[in-house]
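Scroll down for the structure; my scribbles are underneath it.
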Amino acid sequence: MLLPLGFVILFLLLGPALKIAIDSFEDEAGGATLGNWLSLLDVPLVRRSILGSLWVGALVATLSTLLGTPLAWAVEHLRPGRRSLGIAFLTVAANLSATALVFGFSAAFGTVGLVTLAVQELWPGFMGVDLYDPTGVVYVFLYFHIPLFVLLTLPAMGIVSQRLWEAAAVCGARPRFFWWRVGLPMLLPFLAAGWFLMFVWAISQYGVPLALGGADAGIDLIAIRIGALIETAGRSNRFGQAACLSILLIALSALALLVYHRLLRRAARWIA
Amino acid sequence: MKRRHPESLAGPAALRASAVALIALFTVAPILATVLYSLATVWRHRPLPDGYTLAWWWATLSDRDFIAAAGRSLLLTLATVLLINLLVLPPLYWSHVRNPRIRPLLQLAALIPFVLPGIVMAAAINRFVGLWPVTATLQATPLLLLLSSIAVSFSAYLWAVDSAMRSAKIATLCEAATTMGAGPVYILRRVVVPNIKHGIAIGSLLAFASVIGELALPRIITGSAFETIPLWQLREMRGTDADPNAVAVSSLLLLILLFTIAVFVIRRGRAGVPGIIFGVDKG
């Protein structure tokens, strides 16, 4: 029963990952070397892509958390009909394919986009989002990361219940005190877990930055750099660097997912 | 003066309603802009196009490259979803009914694709099959693309069906059916599948959506040798013969396709999707 699926996991996920780990320690002739790893620091393009991914990941995760939390709270407390409608919209926004998303986003919010031009009728100075600037990628990421964050934290919002609120009020707690000592401490593990998951999502995105122009458009992210290294190098010597970057990406994702799990395990007691 | 304690914890209703309106606006704007793009004759610097035409729809739907790409995408996606069903359903069923010990193993397996981003897998799988002469023939073939699509997108399906089996209490149902003398095939056909149909539909839909929009795997594994819709769109978005109107039409066709399936799935049952949204990846 388990065999066919086990075969897929072993030969199409774990095996390739192991092969790439070995690749990262091999030089062009197949000998053992640390050169690939050391070169990560030397090659400015590669170094920039690492810093770029960390920066974009942290920024997108932080903004998603800050903007997504009140939004999740609002959606959770809507009347059932409107709530499902809100969830439906969020699901659509979160699931647009990379090419459709980048195209639609630039057609709506780009410098000559629909929304930008409409706003310009009222407010001529409005410029819209310059998608072909390296920071443009952050806006497009936010477009589908915020809905994901909301969908993810929605189930947790229910734990800060009306009953708790009334109980605190009976004991004489003011709203600020309630939020500071009861509401936020309960929600915090879920929000933090959401942050880490958004970070993992953001750093592993390839389709969206590629559709935005990729390395040619000056987008410096690990995933884009891996793609560019593979495409220009084929099967030749520069694969070592791509392998190192891959392992780095795997390690970052694994670490963040581990923290995510720890946080949720601690938080699960509120739901049970 | 003592401030009055607010009655409700939820906050002002108007604020919450405007939050939903904001979500709707942000979601609808790109889709609306895409619709207008697909119908516009010329669109100069004004909020709305100068005129409307169906010519782009006609041109795209009769474009040979597009039709070929659509055929490849549909074939790849349907085959992936079908194979995911065949691969994941039996062990999942087994873990619920016979051997609960393999369940944590399946859960762990579903997490693996999250640690291995699509672009990394795309790079790694071609290298890995190149290790042996027998498998090296697979390099850059559509078959390898199909296999790796299964590997990176079975998680959402596994979660959806797993939670469906749990909430339908499949183990108890099977026990009851066995006590009443039903055979295993009969149980599977008349008890298990009808009860988790909705989970299977949602899982298949999520897998379908993620495979049909996937960019990393087809771009790195097969490249232009097996051009899928996202690759075709990418070519139409950039390069010398870029055609934004064609991209708009193709995006809408995909959206209509997904939306139709989604409506069909959601109308059949009332379970929520958000619990399993964890499986979203844009490749």
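In the structure tokens, the first chain shown is A, the next is B, and so on; residue numbers restart at 1 for each chain, and ligands run from 1 in the order shown.
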
Residues of chain A no more than 6 Å from chain B, counting only C-alpha atoms: send them over as a VMD selection string.
-> chain A and resid 1 to 2 5 16 20 74 86 93 97 100 104 to 105 107 to 108 114 117 to 118 151 204 206 to 207 246 250 253 to 254

Of the residues A:Ala156, A:Ala193, A:Leu38, A:Val8, which is the one nearest to Leu245 of chain A, using only C-alpha atoms?
->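 So, comparing all the options, the nearest one is A:Leu38.
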
How many Å lie between atom CA of Met157 of chain A and atom CA of His77 of chain A, rounded to one decimal?
->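 Computed distance, atom CA of Met157 of chain A to atom CA of His77 of chain A, equals 8.8 Å.
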
Identify all residues of segment 43-206 of chain A in helix (DSSP H, G or I) (DSSP on the backbone) and supply them as a ChimeraX atom specification.
-> /A:44-76,80-95,98-109,114-122,136-157,162-170,175-204
